[in-house]
Each structure stands twice: as C-alpha cells, then as structure tokens.
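J.: As input, take final_0.cif (mmCIF, C-alpha atoms and all ligand atoms):
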```cif
data_query
#
loop_
_atom_site.label_atom_id
_atom_site.label_comp_id
_atom_site.auth_asym_id
_atom_site.auth_seq_id
_atom_site.Cartn_x
_atom_site.Cartn_y
_atom_site.Cartn_z
CA MET H 1 -3.13 -22.43 14.01
CA PRO H 2 -5.17 -21.59 10.85
CA ILE H 3 -8.05 -20.62 13.15
CA LEU H 4 -5.91 -18.21 15.15
CA LYS H 5 -4.29 -16.82 12.01
CA SER H 6 -7.66 -16.20 10.41
CA GLY H 7 -9.13 -14.39 13.43
CA CYS H 8 -6.22 -12.36 14.82
CA CYS H 9 -5.25 -8.82 13.98
CA TRP H 10 -2.71 -6.35 15.34
CA ARG H 11 -3.91 -3.38 17.39
CA VAL H 12 -1.55 -0.56 16.46
CA GLY H 13 0.38 0.94 19.36
CA ASP H 14 3.72 2.41 18.30
CA GLY H 15 3.73 0.21 15.17
CA SER H 16 7.27 -1.06 15.73
CA MET H 17 6.33 -4.77 15.77
CA ILE H 18 3.93 -4.78 12.83
CA ARG H 19 5.21 -5.59 9.34
CA GLY H 20 3.17 -3.20 7.21
CA ALA H 21 3.03 -5.24 4.00
CA LYS H 22 2.61 -8.71 5.51
CA ASP H 23 0.62 -8.56 8.75
CA LYS H 24 -3.07 -8.07 9.41
CA TRP H 25 -3.39 -4.71 11.12
CA ILE H 26 -6.28 -2.79 9.47
CA PRO H 27 -9.64 -3.64 11.12
CA ASN H 28 -12.82 -3.14 9.07
CA HIS H 29 -10.86 -3.44 5.84
CA THR H 30 -11.17 -6.39 3.44
CA THR H 31 -8.56 -9.05 4.42
CA ASN H 32 -7.36 -6.65 7.18
CA LYS H 33 -4.21 -6.01 5.12
CA ILE H 34 -3.04 -3.39 2.65
CA LEU H 35 -4.97 -4.16 -0.54
CA PHE H 36 -2.58 -2.43 -2.95
CA PRO H 37 0.99 -2.91 -1.66
CA VAL H 38 3.37 -0.09 -2.43
CA VAL H 39 7.11 0.11 -2.91
CA MET H 40 8.79 1.52 0.18
CA GLU H 41 12.50 2.20 0.65
CA ASP H 42 12.71 -0.64 3.13
CA GLU H 43 10.96 -3.74 1.76
CA ASP H 44 10.32 -4.99 5.29
CA TRP H 45 8.85 -1.71 6.47
CA HIS H 46 6.94 -1.42 9.72
CA VAL H 47 3.77 0.46 10.58
CA ALA H 48 5.88 2.72 12.83
CA ASP H 49 7.29 4.24 9.61
CA LEU H 50 3.84 5.75 8.93
CA ILE H 51 3.50 7.38 12.36
CA ASP H 52 4.80 10.86 13.13
CA PRO H 53 6.97 10.24 16.25
CA ASP H 54 6.56 13.81 17.55
CA LEU H 55 2.77 13.91 17.32
CA ASN H 56 2.14 10.19 17.91
CA TRP H 57 -0.32 10.38 15.00
CA TRP H 58 -0.53 9.16 11.41
CA ASN H 59 1.72 10.91 8.93
CA ARG H 60 -1.23 11.61 6.59
CA GLU H 61 0.89 13.40 3.99
CA LEU H 62 3.15 10.38 3.57
CA ILE H 63 0.27 7.88 3.70
CA TYR H 64 -1.85 9.63 1.04
CA ALA H 65 1.22 10.10 -1.15
CA LYS H 66 2.22 6.43 -0.97
CA PHE H 67 -1.03 4.43 -0.83
CA GLN H 68 -4.18 4.05 -2.89
CA ARG H 69 -7.04 6.17 -1.56
CA GLY H 70 -9.02 3.22 -0.08
CA ASP H 71 -6.00 1.87 1.81
CA ALA H 72 -4.97 5.37 2.97
CA ASP H 73 -8.48 6.13 4.30
CA ALA H 74 -8.58 2.82 6.17
CA ILE H 75 -5.15 3.41 7.74
CA CYS H 76 -5.98 6.94 8.90
CA ARG H 77 -9.23 5.71 10.48
CA ILE H 78 -7.27 3.49 12.90
CA PRO H 79 -7.22 5.25 16.27
CA LEU H 80 -3.81 5.77 17.89
CA SER H 81 -2.94 6.40 21.50
CA TYR H 82 -1.42 9.84 22.21
CA ARG H 83 0.78 8.16 24.79
CA PRO H 84 3.36 5.56 23.65
CA ALA H 85 1.80 2.10 23.72
CA PRO H 86 3.06 -1.30 22.59
CA ASP H 87 1.43 -3.13 19.68
CA ALA H 88 -0.94 -5.90 20.74
CA ILE H 89 -2.82 -8.74 19.09
CA PHE H 90 -6.59 -8.93 19.42
CA TRP H 91 -9.32 -11.32 18.26
CA LEU H 92 -11.33 -9.87 15.38
CA HIS H 93 -14.50 -11.85 15.95
CA SER H 94 -15.60 -10.62 19.37
CA LYS H 95 -16.57 -7.18 20.62
CA ASP H 96 -14.00 -7.13 23.46
CA GLY H 97 -11.21 -8.48 21.24
CA ILE H 98 -10.68 -11.51 23.47
CA TYR H 99 -10.56 -15.01 21.99
CA SER H 100 -13.22 -17.44 23.15
CA CYS H 101 -13.96 -21.07 22.22
CA LYS H 102 -17.35 -20.03 20.78
CA PHE H 103 -15.83 -17.70 18.19
CA GLY H 104 -12.96 -20.09 17.51
CA TYR H 105 -15.54 -22.80 16.82
CA GLN H 106 -17.35 -20.57 14.29
CA ILE H 107 -14.11 -19.94 12.41
CA ALA H 108 -13.18 -23.64 12.56
CA ARG H 109 -16.56 -24.53 11.04
CA ARG H 110 -16.03 -22.09 8.19
CA ILE H 111 -12.53 -23.41 7.43
CA ALA H 112 -13.78 -27.02 7.62
CA ARG H 113 -16.69 -26.22 5.29
CA GLU H 114 -14.43 -24.63 2.70
CA SER H 115 -11.89 -27.46 2.79
CA THR H 116 -14.58 -30.17 2.70
CA TRP H 117 -16.00 -28.55 -0.41
CA ALA H 118 -12.61 -28.57 -2.07
CA GLU H 119 -12.05 -32.22 -1.12
CA CYS H 120 -15.42 -33.19 -2.58
CA SER H 121 -14.11 -32.66 -6.07
CA THR H 122 -10.90 -34.59 -5.63
CA GLY H 123 -11.63 -37.19 -2.95
CA PRO H 124 -12.57 -40.70 -4.10
CA ALA H 125 -16.17 -40.42 -2.86
CA GLY H 126 -17.02 -37.21 -4.63
CA LYS H 127 -14.85 -37.63 -7.71
CA GLN H 128 -17.40 -39.47 -9.82
CA VAL H 129 -20.19 -37.09 -8.89
CA TRP H 130 -18.11 -34.03 -9.68
CA GLN H 131 -16.89 -35.47 -12.97
CA LYS H 132 -20.54 -35.56 -13.96
CA PHE H 133 -20.92 -31.96 -12.82
CA TRP H 134 -18.15 -30.60 -15.07
CA LYS H 135 -19.65 -32.29 -18.14
CA LEU H 136 -23.08 -30.69 -17.78
CA GLY H 137 -24.44 -28.61 -20.65
CA VAL H 138 -24.69 -25.29 -18.82
CA PRO H 139 -22.62 -22.10 -19.28
CA ASN H 140 -19.23 -22.15 -17.56
CA LYS H 141 -20.21 -19.26 -15.29
CA ILE H 142 -22.97 -21.45 -13.85
CA LYS H 143 -20.58 -24.36 -13.31
CA LEU H 144 -18.26 -21.99 -11.45
CA PHE H 145 -21.19 -20.74 -9.41
CA GLY H 146 -21.96 -24.34 -8.35
CA TRP H 147 -18.30 -25.06 -7.68
CA ARG H 148 -17.94 -22.03 -5.43
CA ALA H 149 -21.37 -22.26 -3.84
CA CYS H 150 -20.00 -22.65 -0.32
CA LEU H 151 -18.10 -19.38 -0.69
CA LEU H 152 -20.96 -17.16 -1.77
CA PRO H 153 -20.97 -13.76 -0.06
CA THR H 154 -24.06 -14.55 1.98
CA ARG H 155 -24.83 -12.44 5.04
CA VAL H 156 -23.63 -15.20 7.38
CA ASN H 157 -20.28 -15.36 5.59
CA LEU H 158 -19.94 -11.56 5.55
CA ALA H 159 -20.84 -11.35 9.25
CA GLU H 160 -18.28 -14.04 10.11
CA ARG H 161 -15.68 -11.89 8.39
CA LYS H 162 -16.90 -8.80 10.33
CA ILE H 163 -17.84 -6.96 7.14
CA ILE H 164 -21.46 -6.65 8.33
CA PHE H 165 -23.04 -7.32 11.72
CA ASP H 166 -26.57 -8.46 10.87
CA ASN H 167 -26.66 -11.93 9.28
CA ILE H 168 -30.43 -12.21 8.79
CA CYS H 169 -31.74 -12.95 5.28
CA GLN H 170 -33.09 -9.79 3.66
CA CYS H 171 -35.58 -11.65 1.50
CA CYS H 172 -37.59 -13.27 4.33
CA GLY H 173 -36.22 -11.44 7.39
CA ARG H 174 -36.47 -14.63 9.46
CA GLU H 175 -33.35 -16.81 9.35
CA PRO H 176 -29.59 -16.30 9.14
CA GLU H 177 -28.69 -16.22 5.47
CA THR H 178 -26.49 -19.28 4.87
CA GLU H 179 -25.90 -20.64 1.36
CA ALA H 180 -28.38 -23.49 1.96
CA HIS H 181 -30.93 -20.97 3.22
CA VAL H 182 -30.68 -18.54 0.32
CA LEU H 183 -30.60 -21.25 -2.37
CA TRP H 184 -33.17 -23.64 -0.94
CA GLU H 185 -34.78 -23.00 2.44
CA CYS H 186 -35.79 -19.33 2.12
CA GLY H 187 -39.44 -18.71 1.21
CA ALA H 188 -38.30 -16.74 -1.86
CA ALA H 189 -36.32 -19.78 -3.09
CA GLN H 190 -39.03 -22.28 -2.18
CA ASP H 191 -41.53 -20.36 -4.32
CA VAL H 192 -39.23 -20.95 -7.31
CA TRP H 193 -38.52 -24.61 -6.51
CA ALA H 194 -42.26 -25.22 -6.18
CA GLY H 195 -42.45 -25.10 -9.97
CA CYS H 196 -39.53 -27.47 -10.60
CA VAL H 197 -39.28 -31.22 -11.20
CA PRO H 198 -41.18 -33.31 -8.61
CA ARG H 199 -38.11 -35.27 -7.50
CA LEU H 200 -36.43 -32.04 -6.44
CA GLN H 201 -39.49 -30.86 -4.56
CA LYS H 202 -39.20 -33.95 -2.36
CA MET H 203 -35.71 -33.01 -1.19
CA PRO H 204 -35.51 -32.34 2.58
CA ASN H 205 -35.79 -28.76 3.75
CA ASN H 206 -33.05 -28.83 6.35
CA HIS H 207 -29.70 -29.37 4.67
CA GLY H 208 -26.81 -29.25 7.09
CA ASN H 209 -24.89 -27.21 4.54
CA VAL H 210 -24.69 -26.35 0.88
CA ILE H 211 -22.60 -29.44 0.08
CA GLU H 212 -25.53 -31.68 0.98
CA LEU H 213 -27.85 -29.44 -1.00
CA PHE H 214 -25.80 -29.88 -4.17
CA GLU H 215 -24.67 -33.49 -3.79
CA ASN H 216 -28.16 -34.84 -3.40
CA PRO H 217 -29.34 -33.80 -6.90
CA LEU H 218 -25.87 -34.47 -8.35
CA ALA H 219 -26.15 -38.08 -7.28
CA ARG H 220 -29.86 -38.62 -8.01
CA LEU H 221 -30.92 -36.61 -11.03
CA GLU H 222 -30.42 -37.32 -14.70
CA ASN H 223 -28.33 -34.73 -16.53
CA SER H 224 -31.13 -32.69 -18.11
CA LYS H 225 -32.85 -32.16 -14.74
CA LEU H 226 -29.57 -31.51 -13.01
CA GLU H 227 -28.77 -28.81 -15.57
CA LEU H 228 -32.08 -27.11 -14.87
CA PHE H 229 -31.47 -27.40 -11.12
CA LEU H 230 -28.14 -25.56 -11.45
CA VAL H 231 -29.56 -22.84 -13.69
CA GLN H 232 -32.48 -22.31 -11.31
CA ALA H 233 -30.12 -22.07 -8.32
CA TRP H 234 -28.08 -19.51 -10.26
CA PHE H 235 -31.23 -17.50 -11.07
CA ILE H 236 -32.28 -17.60 -7.40
CA TRP H 237 -28.88 -16.25 -6.33
CA ASN H 238 -29.02 -13.45 -8.93
CA HIS H 239 -32.59 -12.62 -7.96
CA ARG H 240 -31.46 -12.40 -4.32
CA ASN H 241 -28.73 -9.93 -5.37
CA THR H 242 -31.25 -7.83 -7.28
CA VAL H 243 -33.53 -7.64 -4.24
CA VAL H 244 -30.68 -6.90 -1.80
CA TYR H 245 -29.47 -4.01 -3.98
CA GLY H 246 -32.87 -2.34 -4.24
CA GLY H 247 -34.60 -4.23 -7.04
CA SER H 248 -38.09 -5.66 -6.77
CA PHE H 249 -39.19 -9.26 -6.23
CA LYS H 250 -39.97 -11.09 -9.46
CA ASP H 251 -42.82 -13.53 -9.91
CA PRO H 252 -41.41 -17.02 -9.09
CA LYS H 253 -43.21 -18.45 -12.13
CA TRP H 254 -41.42 -15.93 -14.35
CA LEU H 255 -38.04 -16.88 -12.78
CA ASN H 256 -38.75 -20.55 -13.36
CA GLN H 257 -39.74 -19.98 -16.96
CA ARG H 258 -36.73 -17.70 -17.55
CA ALA H 259 -34.35 -20.34 -16.17
CA SER H 260 -35.86 -22.96 -18.44
CA ASP H 261 -35.74 -20.64 -21.51
CA TYR H 262 -32.18 -19.58 -20.72
CA LEU H 263 -31.01 -23.20 -20.60
CA LYS H 264 -32.80 -23.98 -23.88
CA GLU H 265 -31.28 -20.91 -25.59
CA PHE H 266 -27.78 -21.89 -24.42
CA GLN H 267 -28.12 -25.50 -25.54
CA GLN H 268 -29.62 -24.46 -28.87
CA ALA H 269 -26.68 -22.12 -29.47
CA GLN H 270 -24.22 -24.90 -28.59
CA TRP H 271 -25.96 -27.24 -31.01
CA GLN H 272 -25.86 -24.62 -33.80
CA LEU H 273 -22.17 -23.98 -33.16
CA ALA H 274 -21.42 -27.70 -33.38
CA LEU H 275 -23.44 -27.93 -36.61
CA LEU H 276 -21.63 -24.92 -38.05
CA ALA H 277 -18.27 -26.46 -37.23
CA THR H 278 -19.27 -29.67 -38.99
CA THR H 279 -20.63 -27.86 -42.04
CA THR H 280 -17.75 -25.45 -42.44
CA GLY H 281 -15.30 -28.30 -41.93
CA ARG H 282 -16.45 -29.79 -45.27
CA THR H 283 -15.76 -26.63 -47.31
CA ASN H 284 -12.49 -26.77 -49.17
CA TRP H 285 -10.70 -23.49 -49.55
CA LYS H 286 -9.82 -22.60 -53.14
CA PRO H 287 -7.32 -19.93 -54.13
CA PRO H 288 -8.69 -16.90 -56.03
CA PRO H 289 -8.06 -16.43 -59.76
CA HIS H 290 -4.65 -15.16 -60.84
CA SER H 291 -3.91 -11.49 -59.89
CA SER H 292 -6.93 -11.37 -57.50
CA PHE H 293 -7.18 -11.43 -53.71
CA LYS H 294 -9.56 -13.42 -51.55
CA LEU H 295 -10.86 -12.19 -48.19
CA ASP H 296 -12.05 -14.77 -45.64
CA PHE H 297 -13.62 -13.39 -42.49
CA ASP H 298 -15.66 -14.45 -39.50
CA ALA H 299 -17.12 -12.83 -36.37
CA ALA H 300 -18.60 -14.12 -33.12
CA ILE H 301 -20.39 -12.81 -30.05
CA PHE H 302 -19.27 -14.10 -26.63
CA ASP H 303 -22.22 -13.46 -24.32
CA GLU H 304 -20.46 -14.68 -21.20
CA LEU H 305 -17.45 -12.42 -21.70
CA ASN H 306 -19.62 -9.54 -22.89
CA CYS H 307 -17.49 -9.00 -25.98
CA THR H 308 -17.23 -9.78 -29.67
CA GLY H 309 -14.38 -10.96 -31.83
CA PHE H 310 -13.60 -11.03 -35.50
CA GLY H 311 -10.83 -12.20 -37.76
CA ALA H 312 -9.90 -11.90 -41.43
CA VAL H 313 -7.34 -13.40 -43.78
CA ILE H 314 -6.46 -11.96 -47.21
CA ARG H 315 -4.77 -14.31 -49.63
CA ASN H 316 -3.80 -14.11 -53.29
ZN ZN W 1 -34.73 -15.98 3.68
#
```
Output the file's structure in the form of structure tokens.
Ligand SMILES: [Zn+2]

T.:
Amino acid sequence: MPILKSGCCWRVGDGSMIRGAKDKWIPNHTTNKILFPVVMEDEDWHVADLIDPDLNWWNRELIYAKFQRGDADAICRIPLSYRPAPDAIFWLHSKDGIYSCKFGYQIARRIARESTWAECSTGPAGKQVWQKFWKLGVPNKIKLFGWRACLLPTRVNLAERKIIFDNICQCCGREPETEAHVLWECGAAQDVWAGCVPRLQKMPNNHGNVIELFENPLARLENSKLELFLVQAWFIWNHRNTVVYGGSFKDPKWLNQRASDYLKEFQQAQWQLALLATTTGRTNWKPPPHSSFKLDFDAAIFDELNCTGFGAVIRN
C-alpha cells in the first residue's frame, strides 16, 4: 500500500472525486499536492470547485485569488478535457501512466532504503555505532548531513520522484548519481579520498548503498579519523553542489586541506569555549559601590546559524 500511495496521482477529469487539500492531483509539482493550503468555504472542497462548469476550464480568477502563485501556476498548467470526463488515477513513475512491477520495485527499494536507515539508529545492531556517531566532535550540521545521507537530493532520488528525467552524475557524466556514487565512487570524490587516511582508501569501491558506506568507517575508525571522514564527505557534497550550480571544480588537494583545517578550527573553538566557561565560572560577581550601577555584558557569534547574539545586565 505505501508503494501505491507514493506513486499514484489523480488525473483531473471533472474534479468531483478529488479532495483538493488532501489528495495528490498536481503532476510535476513537489509532493504532487497543494504546497500552501488555503481556507475555502467548504473545508473538504473538491477540485471541481476550481473548474468553470460552463467552459470546462480552470477558473483562473478564483485560483489566482485563492492560492499562492506557485500553486496557482501548477494548477492552471494541468490540461483539462473540453468534454466531461471522470477523474482517474494514474501511475506517476511511467510514461504511459500504467503501473508495472519494475516501477513498483524501484519505489519499494527507495522506501526500504529510507526505513532501513531510520532503523539503523534505533535497532539493536546499529545502536552502539550510532551512539558513537552522535558524540563526534564535528558541527551539528555535519552530523545531520550524515544522519540524512540516504535522503540527499541526488539525481537518482530526484529522477525517482519525477522532478528530473536524467539521473546521470554531472561531475563524471558516467554513472547514475546515487548517494554512494556522489560521496565515494565518483571520480571527483575518489580524487579527494585519495589524500585521506590509508584505512579509508582501502574501503571497497562498490557499496550497495550509502548505509554500507557510512557504517564501515563508523565501525572501524577511531573517532578522530571518523570525524575527518564525515567532514570530507560533507565537503564533497558541497563541492558537488557548487559544480552542479555552475561553479568550477576545485583542486582535490585544496578540498582535503580545507576539510582538515575546518575540523581543526571547529575543535579549537570548542576547546576555547570550554576553557572560557571554566575560567569565567571562577569569577565571583561583586556588587558595585553604593549609588553606582554595574553593567555586565557578553556577545557571541554563531557561525552555523549565521547570526550573533548579545546580552547585558545592569545592577546597582
Ligand atoms: Zn560521478
């Protein structure tokens, strides 16, 4: 059932059977549903309410008045039949809209991959390994990157969701871009890993999936090397994004060095913060002299959130 639910979408006929806010009925639109739900008079409104019954065409005036521009554009792009036609369900993942075992299998694999990844962190086998992962001395955004690595918007994942049609890696132009490919197997990634710790270089080059790619070092490497592995993987993914969106390829040696420096800078900052907390903890606050005021203040920069904060207390 989850497979069918994930791959089916309504083809709009007269719109009478389709629940506008709940069903999937907008092809070529993220999630195939309305992204910004609106308040309609009838909470359980149907797509038929958006169709002009005399013209058998979208009521554009109503749609653009009610919905956000992106949703309204996507609705009005859906072709309608000039003759009355019933609504029908079609399969999103094939050109003719007909379900086949092959496409069902692809969706089943994706669902299984995502759920296996989630189980890895909670199941008895993976629990110990993932406990180690959460304690690593890397920025939280990199831990989250590792945690969500099987859900990266790679070209294979985007093609499976029908957002793009070509799933070939844009860095090497040779293989479908899976997570394991982009982070390890691709020539662009291998050039970076070539400068990493020898034990990592000996890892096999054909991981079945990204879970194997991550669990191998998680189980085998000591923490300091594992931290560098994660930061390098994160740099490779960001470098891939730069290249895909028009940037130039960077020298792999520079990427390797930058990953190493970045990790050192982060750990140095953590160490200084810990030291500061210890030092400031020993200072005893003393009230100011009679009829005076005392101002205590502090400020900090949060790189990861891209913001700063400050606070002040005035006491007599
Ligand atoms: Zn590639």

J.: Have a look at H:Ser224, H:Asn140, H:Gln190, H:Asn284 and name the one nearest to ligand ZN 1 (chain W); count only C-alpha atoms and all ligand atoms.

T.: H:Gln190

J.: Could you produce a table of the residues of chain H lying within 9 Å of ligand ZN 1 (chain W), with the nearest pair of atoms per residue and their separation in Å rounded to one decimal, using only C-alpha atoms and all ligand atoms, ordered by chain and increasing residue number, as JSON lines?

T.:
```
{"residue": "H:Ile168", "atom": "CA", "partner": "W:ZN1", "partner_atom": "ZN", "distance": 7.7}
{"residue": "H:Cys169", "atom": "CA", "partner": "W:ZN1", "partner_atom": "ZN", "distance": 4.5}
{"residue": "H:Gln170", "atom": "CA", "partner": "W:ZN1", "partner_atom": "ZN", "distance": 6.4}
{"residue": "H:Cys171", "atom": "CA", "partner": "W:ZN1", "partner_atom": "ZN", "distance": 4.9}
{"residue": "H:Cys172", "atom": "CA", "partner": "W:ZN1", "partner_atom": "ZN", "distance": 4.0}
{"residue": "H:Gly173", "atom": "CA", "partner": "W:ZN1", "partner_atom": "ZN", "distance": 6.0}
{"residue": "H:Arg174", "atom": "CA", "partner": "W:ZN1", "partner_atom": "ZN", "distance": 6.2}
{"residue": "H:Glu175", "atom": "CA", "partner": "W:ZN1", "partner_atom": "ZN", "distance": 5.9}
{"residue": "H:Pro176", "atom": "CA", "partner": "W:ZN1", "partner_atom": "ZN", "distance": 7.5}
{"residue": "H:Glu177", "atom": "CA", "partner": "W:ZN1", "partner_atom": "ZN", "distance": 6.3}
{"residue": "H:Thr178", "atom": "CA", "partner": "W:ZN1", "partner_atom": "ZN", "distance": 9.0}
{"residue": "H:His181", "atom": "CA", "partner": "W:ZN1", "partner_atom": "ZN", "distance": 6.3}
{"residue": "H:Val182", "atom": "CA", "partner": "W:ZN1", "partner_atom": "ZN", "distance": 5.9}
{"residue": "H:Glu185", "atom": "CA", "partner": "W:ZN1", "partner_atom": "ZN", "distance": 7.1}
{"residue": "H:Cys186", "atom": "CA", "partner": "W:ZN1", "partner_atom": "ZN", "distance": 3.8}
{"residue": "H:Gly187", "atom": "CA", "partner": "W:ZN1", "partner_atom": "ZN", "distance": 6.0}
{"residue": "H:Ala188", "atom": "CA", "partner": "W:ZN1", "partner_atom": "ZN", "distance": 6.6}
{"residue": "H:Ala189", "atom": "CA", "partner": "W:ZN1", "partner_atom": "ZN", "distance": 7.9}
```

J.: So which residues touch H:Phe293 within 12 Å, counting all atoms listed in the file, skipping near sequence neighbours fewer than 6 positions away, as a PDB file with C-alpha atoms, keeping the file's coordinate frame?

T.:
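Result file part09.pdb:
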```pdb
ATOM      1  CA  LYS H 286      -9.820 -22.600 -53.140  1.00  0.00           C
ATOM      2  CA  PRO H 287      -7.320 -19.930 -54.130  1.00  0.00           C
ATOM      3  CA  VAL H 313      -7.340 -13.400 -43.780  1.00  0.00           C
ATOM      4  CA  ILE H 314      -6.460 -11.960 -47.210  1.00  0.00           C
ATOM      5  CA  ARG H 315      -4.770 -14.310 -49.630  1.00  0.00           C
ATOM      6  CA  ASN H 316      -3.800 -14.110 -53.290  1.00  0.00           C
TER       7      ASN H 316
END
```

J.: Point out the residue among H:Val231, H:Ile75, H:Cys9, H:Ala88 with the least atom-to-atom distance to H:Phe266, counting all atoms listed in the file.

T.: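 Of H:Val231, H:Ile75, H:Cys9, H:Ala88, the one nearest H:Phe266, counting all atoms listed in the file, is H:Val231.
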
J.: Please list as a list of chain:residue names every residue within 9 Å of H:Trp234, counting all atoms listed in the file and excluding residues in the same chain fewer than 6 positions away.

T.: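 In the requested form, the answer reads H:Ile142, H:Phe145, H:Gly146, H:Leu183, H:Ala259.
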
J.: Just to be explicit: take each residue in the selection above, keep C-alpha atoms, and write the result as a compact mmCIF listing (two decimals), keeping the file's coordinate frame.

T.:
```
# COMPACT_ATOMS: atom_id res chain seq x y z
CA ILE H 142 -22.97 -21.45 -13.85
CA PHE H 145 -21.19 -20.74 -9.41
CA GLY H 146 -21.96 -24.34 -8.35
CA LEU H 183 -30.60 -21.25 -2.37
CA ALA H 259 -34.35 -20.34 -16.17
```

J.: Separation of atom CA of H:Asp71 and atom CA of H:Thr31, in Å?

T.: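 For atom CA of H:Asp71 relative to atom CA of H:Thr31, the distance reads 11.5 Å.
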
J.: Using all atoms listed in the file, determine which residues lie at most 10 Å from H:Asp191, disregarding the query and same-chain residues fewer than 6 positions distant; provide the list as an MDAnalysis selection string.

T.: chainID H and resid 184:185 251:253 255:256

J.: Measure the distance from atom CA of H:Gly7 to atom CA of H:Lys24 in Å and round it to one decimal.

T.: 9.6 Å

J.: May I ask which of the residues H:Arg19, H:Arg69, H:Lys294, H:Arg77 is the closest one to H:His46, counting all atoms listed in the file?

T.: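 Among the listed residues, H:Arg19 lies closest to H:His46.
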
J.: Please measure the separation of atom CA of H:Cys196 and atom CA of H:Glu227, giving the value in Å to one decimal.

T.: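 So the answer is 11.9 Å.
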
J.: Go through H:Leu218, H:Ala233, H:Ala21, H:Val243 one by one, measure the shortest atom-to-atom distance of each to H:Lys135 using all atoms listed in the file, and give the residue with the smallest value.

T.: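 Smallest distance to H:Lys135 is found for H:Leu218.
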
J.: Taking 4 positions as the minimum chain separation for residues in the same chain, which residues sit within 12 Å of stretch 51-55 of chain H when counting all atoms listed in the file? Answer as a list in words.

T.: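 Near stretch 51-55 of chain H, the qualifying residues are Val12, Gly13, Asp14, Gly15, Ser16, Gly20, His46, Val47, Asn59, Arg60, Glu61, Leu62, Ile63, Ile75, Cys76, Ile78, Pro79, Leu80, Ser81, Tyr82, Arg83 and Pro84 of chain H.
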